[in-house]
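**Q** Once you've had a glance at the structure underneath, I'll fire off some questions.
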Amino acid sequence: MATVIIILVKGLILAVILLSVFGVMTLTERKVLGRFQFRPGPNRVGPGGSLQFVADGLKLLLKEEIIPNGADRFVYLLAPVISLVAALFAFAVIPWGPPVHLFGQTVPMEIGGPNVGILFLFAITSLGVYGLILGGWSSHNKYSLLGGLRSSAQIISYELAMGLSVTGVLIAAGSADLNNIVSAQTNLWFIVPQILGFVIYVICMVAETNRAPFDLPEAENELVAGYHTEYSGMKWAMFMMAEYVNMVTVASLATTLFLGGWHGPWLPPEIWFVIKVALFMFFFIWLRATLPRLRYDRLMAFGWKVLLPVALLNTLATAVWVAVAR
Amino acid sequence: MLSSVVFWLAAALAIAGAGGVLLARNPVHSALSLVVNLASLGVLFLLLHAEFLAVVEILVYAGAVMVLFLFVVTLLMAGTKAPKDEHRLRLAYQFLLAVLFGLILLVLVAHVMLGADWISNLAGPNAGSFGTIAAFGKALFTQYLLPFELTAVVLLVAVIGVIVLGREHGANR
Amino acid sequence: MPISYYLILSALLFALGTVGVLIRRNPLQMFMSVELMWNAVNLSFVAFARQYLNMAGHVFVFLVITVAAAEVAIGLAIIVLVFRNREHADVDELSVMKG
């Protein structure tokens with residue numbers, strides 16, 4: 001019984017943390033983007049605009065809930081929930097610190113550490129696609145339908161390259177358990193031997209989370225946005241929360257796989273983990289401020305004809321290297 | 001205790017999902033019910049200590065195969081209507097027959113599965129590495145290497161087949 | 001949980017899949033019912049593997065899933081080809097040999 005309670009408490013804490021990160025990130029993103037573009041960014045609500053995300057949240061809560069005519073009501077309401085739940089659930093296996101000793105028990109930081117760890121994470125994130133495709137379909141709008149298919153095709157395509165780029169790390173660490181992968185990086189972070197895998201992973205993680213320059217679902221000016229065109233209020237906010245939580249998840253996974261997880265000198269391990277994830281989050285904003293959006297055919301060609309073969313080669317090279325080294 | 005609660009929940013969801021596939025009028029709802037069914041099968045696999053297979057079931061079936069189904073249902077079936085309702089009566093009579101045959105099949109299969117004397121109702125204690133990725137990989141890449149290589153050929157054939165099927169249509173236009 | 005519970009569940013799901021193939025006339029829903037049958041069989045494989053603590057059952061399920069994925073790709077391509085230019089997605093309409 002005690003284990004069940006511990007898991008529930010950890011889940012609750014993690015969900016609260018992730019959702020508050022969403023609030024803070026929206027503000028940070030707008031502020032930093034403002035700096036990039038030589039403007040102050042939001043500065044009216046609270047000191048220096050610091051309460052802007054509270055105002056945004058209130059606005060979204062108080063908006064009228066609209067369900068389009070002819071929409072499939074049940075699926076329409078279900079789609080954002082699927083997106084958000086999949087995003088939150090995926091974080092459960094990320095070890096964001098060494099186990100702590102509490103009330104005479106050793107409590108690992110992650111909610112569950114199955115020995116298929118990373119595969120579990122990929123399985124859950126692959127369920128997030130349903131949110132997009134169902135949201136697009138149930139809106140009863142051809143732009144939404146096409147947008148939903150467009151972004152789900154993008155996510156499925158880049159998922160392949162992402163999975164293959166991670167395979168190199170799995171071979172090098174000799175385990176799929178995220179805790180073992182972290183402890184395999186005590187001396188040398190995998191970013192050094194697996195630099196190619198790291199580059200592919202970073203490109204794929206940006207595409208997976210629908211962020212610039214791969215943010216076709218948000219191309220409201222040329223493509224009439226996408227799966228969430230017909231969504232408003234809290235339902236739209238849930239899609240956005242899912243996007244930001246996914247960003248945190250892929251950034252945490254990148255940290256765990258390539259940057260040594262919570263390893264680091266002097267500071268407490270949890271702080272190290274947060275610092276590394278924050279670096280990735282800044283990188284996301286930086287990309288958005290710098291790069292123009294890709295055209296859809298180029299995006300697909302890049303994923304299938306460049307990333308996938310290179311990732312495959314990287315896997316092969318790592319396998320040969322490990323086999324020879326042993 | 002806990003595991004039997006999980007078993008009954010997952011079993012109920014699996015049956016409900018299967019029923020949804022059969023009864024939903026809209027193919028999208030059928031597909032969603034099938035996803036529920038697959039997810040609860042994943043949970044059952046976990047209860048049977050098949051960790052790797054549970055994840056593969058979700059990753060491949062729910063994450064890829066069913067998304068393919070949804071693609072076809074939502075995009076290519078958007079123009080086609082549901083089957084006509086004019087044979088309603090014939091369908092009702094088909095329905096009764098189908099349920100009857102289904103029941104007979106259920107009794108037969110259950111009888112064969114449970115009647116055989118090689119069934120013992122006690123699952124032995126779990127051996128350390130059973131069901132882990134390591135044990136699975138060892139079995140797949142040593143004892144069952146040939147079938148594994150053959151599935152690669154099957155997949156290749158499928159890929160080529162789909163390309164040919166897709167292309168022929170374009171050439172005829 | 002005794003293994004026989006899993007086996008009964010598997011038989012039930014298999015029978016439901018069969019009924020689905022028999023009563024549905026939308027080709028996609030028939031196809032989904034076939035998937036239901038594949039997975040019912042997978043469940044019994046995993047249950048037997050657990051009973052005998054033998055990984056062969058797991059390997060077999062893995063192969064089944066792979067073949068099922070290939071089958072879905074081909075099957076969906078055929079369904080799309082056949083029903084693309086038809087008004088109703090109904091297998092009963094496929095009674096003539098003309099395309």
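Here's how to read the names in the structure tokens: chain A, B, ... by the order shown, residue numbers from 1 in each chain, ligand numbers from 1 in the order shown.
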Counting only C-alpha atoms, a student should be able to say which residues of chain B come within 6 Å of chain A; what is the right answer, written as a list of chain:residue names?
**A** B:Val55, B:Ile58, B:Leu59, B:Gly63
**Q** Which polymer residues have any atom within 7 Å of an atom of stretch 46-51 of chain C, counting only C-alpha atoms, with same-chain residues fewer than 3 positions away left out, as a count of residues only?
**A** 13
**Q** B:Ile163, B:Ala135, B:Val72, B:Val6: which is nearest C:Ile79, counting only C-alpha atoms?
**A**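 Comparing B:Ile163, B:Ala135, B:Val72, B:Val6 against C:Ile79, the winner is B:Val72.
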**Q** Do a neighbour search on C:Ile23 at 8 Å with only C-alpha atoms, toss out local chain neighbours closer than 3 positions, and write the hits as a list in words.
**A**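 Using only C-alpha atoms, the neighbours found are Leu22, Leu91, Gln94, Phe95 and Ala98 of chain B; Val19 and Gly20 of chain C.
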**Q** Looking only at strand (DSSP E) from DSSP on the backbone, list the matching residues of stretch 100-309 of chain A as a ChimeraX atom specification.
**A** /A:100-102,105-107
**Q** Using DSSP secondary structure from the backbone, list all alpha helix (DSSP H) positions within stretch 1-118 of chain B, as a PyMOL selection string.
**A** chain B and resi 2-23+27-47+51-56+66-71+88-115
**Q** Skip C:Val34 itself and residues of its chain fewer than 5 positions away, then list as number ranges by chain all residues within 12 Å of it, counting only C-alpha atoms.
**A** B: 18, 21-22, 34; C: 13-22, 24, 27-29, 39-41, 68, 71-72, 75
**Q** If we count only C-alpha atoms and set the cut-off at 10 Å, which residues sit around stretch 148-153 of chain B, ignoring sequence neighbours fewer than 4 positions away in its own chain? Please answer as a ChimeraX atom specification.
**A** /B:140-144,157-159 /C:59-60,62-64,66-67,70
**Q** Between A:Leu287, A:Glu243, A:Ile191, A:Leu18, single out the one closest to A:Phe36, counting only C-alpha atoms.
**A**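 Using only C-alpha atoms, the shortest distance to A:Phe36 belongs to A:Leu287.
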**Q** Skipping near chain neighbours, those fewer than 4 positions away, what residues fall within 7 Å of stretch 269-277 of chain A using only C-alpha atoms, listed as a ChimeraX atom specification?
**A** /A:96-97,251-252,255,261-264,281
**Q** Write the selection just made, keeping N, CA and C atoms, as an mmCIF file, in the first residue's frame?
**A**
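In the end it all went to result_25.cif:
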```
data_model
loop_
_atom_site.group_PDB
_atom_site.id
_atom_site.type_symbol
_atom_site.label_atom_id
_atom_site.label_comp_id
_atom_site.auth_asym_id
_atom_site.auth_seq_id
_atom_site.Cartn_x
_atom_site.Cartn_y
_atom_site.Cartn_z
ATOM 1 N N TRP A 96 15.078 12.201 -12.675
ATOM 2 C CA TRP A 96 15.624 13.559 -12.637
ATOM 3 C C TRP A 96 16.467 13.818 -11.402
ATOM 4 N N GLY A 97 16.916 12.761 -10.773
ATOM 5 C CA GLY A 97 17.833 12.918 -9.650
ATOM 6 C C GLY A 97 18.153 11.540 -9.117
ATOM 7 N N ALA A 251 13.389 17.410 -23.846
ATOM 8 C CA ALA A 251 14.614 18.033 -23.348
ATOM 9 C C ALA A 251 15.201 17.196 -22.216
ATOM 10 N N SER A 252 14.333 16.681 -21.319
ATOM 11 C CA SER A 252 14.824 15.845 -20.220
ATOM 12 C C SER A 252 15.427 14.559 -20.754
ATOM 13 N N THR A 255 18.788 15.305 -22.082
ATOM 14 C CA THR A 255 19.703 15.439 -20.957
ATOM 15 C C THR A 255 20.116 14.074 -20.424
ATOM 16 N N GLY A 261 22.556 13.065 -17.707
ATOM 17 C CA GLY A 261 21.461 13.101 -16.734
ATOM 18 C C GLY A 261 21.741 14.093 -15.623
ATOM 19 N N TRP A 262 21.590 13.613 -14.374
ATOM 20 C CA TRP A 262 21.768 14.531 -13.241
ATOM 21 C C TRP A 262 23.217 14.631 -12.775
ATOM 22 N N HIS A 263 24.155 14.002 -13.501
ATOM 23 C CA HIS A 263 25.559 14.078 -13.093
ATOM 24 C C HIS A 263 26.106 15.486 -13.254
ATOM 25 N N GLY A 264 26.941 15.907 -12.330
ATOM 26 C CA GLY A 264 27.573 17.217 -12.427
ATOM 27 C C GLY A 264 28.295 17.529 -11.131
ATOM 28 N N MET A 281 15.529 24.330 -23.298
ATOM 29 C CA MET A 281 14.333 25.143 -23.468
ATOM 30 C C MET A 281 14.698 26.483 -24.099
#
```
**Q** Using atom CA of B:Ala39 and atom CA of B:Val60 as the two end points, give the distance in Å to one decimal.
**A**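 Here the two named atoms are 11.4 Å from each other.
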**Q** Point out the residue among B:Leu46, B:Ser33, B:Glu51, B:Ala139 with the least atom-to-atom distance to chain C, counting only C-alpha atoms.
**A**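 Smallest separation from chain C among the options: B:Ala139.
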**Q** Between atom CA of B:Leu156 and atom CA of C:Val82, measure the distance and give it in Å to one decimal.
**A**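 Taking atom CA of B:Leu156 and atom CA of C:Val82, their separation equals 22.9 Å.
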**Q** Would you pick out the contacts of B:Gly166 at 9 Å or less, using only C-alpha atoms, so that residues sharing its chain but fewer than 4 positions from it are not included, and give the list as a PyMOL selection string?
**A** (chain B and resi 161-162+170) or (chain C and resi 77-78+81)
**Q** Would you export the selected residues with C-alpha atoms as an mmCIF file, in the first residue's frame, please?
**A**
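Saved as part-v1.cif:
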```cif
data_model
loop_
_atom_site.group_PDB
_atom_site.id
_atom_site.type_symbol
_atom_site.label_atom_id
_atom_site.label_comp_id
_atom_site.auth_asym_id
_atom_site.auth_seq_id
_atom_site.Cartn_x
_atom_site.Cartn_y
_atom_site.Cartn_z
ATOM 1 C CA GLY B 161 3.723 -4.241 -52.503
ATOM 2 C CA VAL B 162 2.346 -1.012 -51.091
ATOM 3 C CA GLY B 170 -1.419 7.018 -60.340
ATOM 4 C CA ALA C 77 -3.607 -0.157 -49.712
ATOM 5 C CA ILE C 78 -5.958 -2.638 -51.376
ATOM 6 C CA LEU C 81 -7.644 1.147 -54.234
#
```
**Q** Nearest to chain C among B:Ala64, B:Ile160, B:Leu106, B:Leu146, with distances taken over only C-alpha atoms: which residue is it?
**A**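 Result for the nearest residue to chain C: B:Leu106.
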**Q** What gap, in Å, lies between atom CA of C:Met30 and atom CA of B:Asn26?
**A**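 Rounded to one decimal, the two atoms are 12.6 Å apart.
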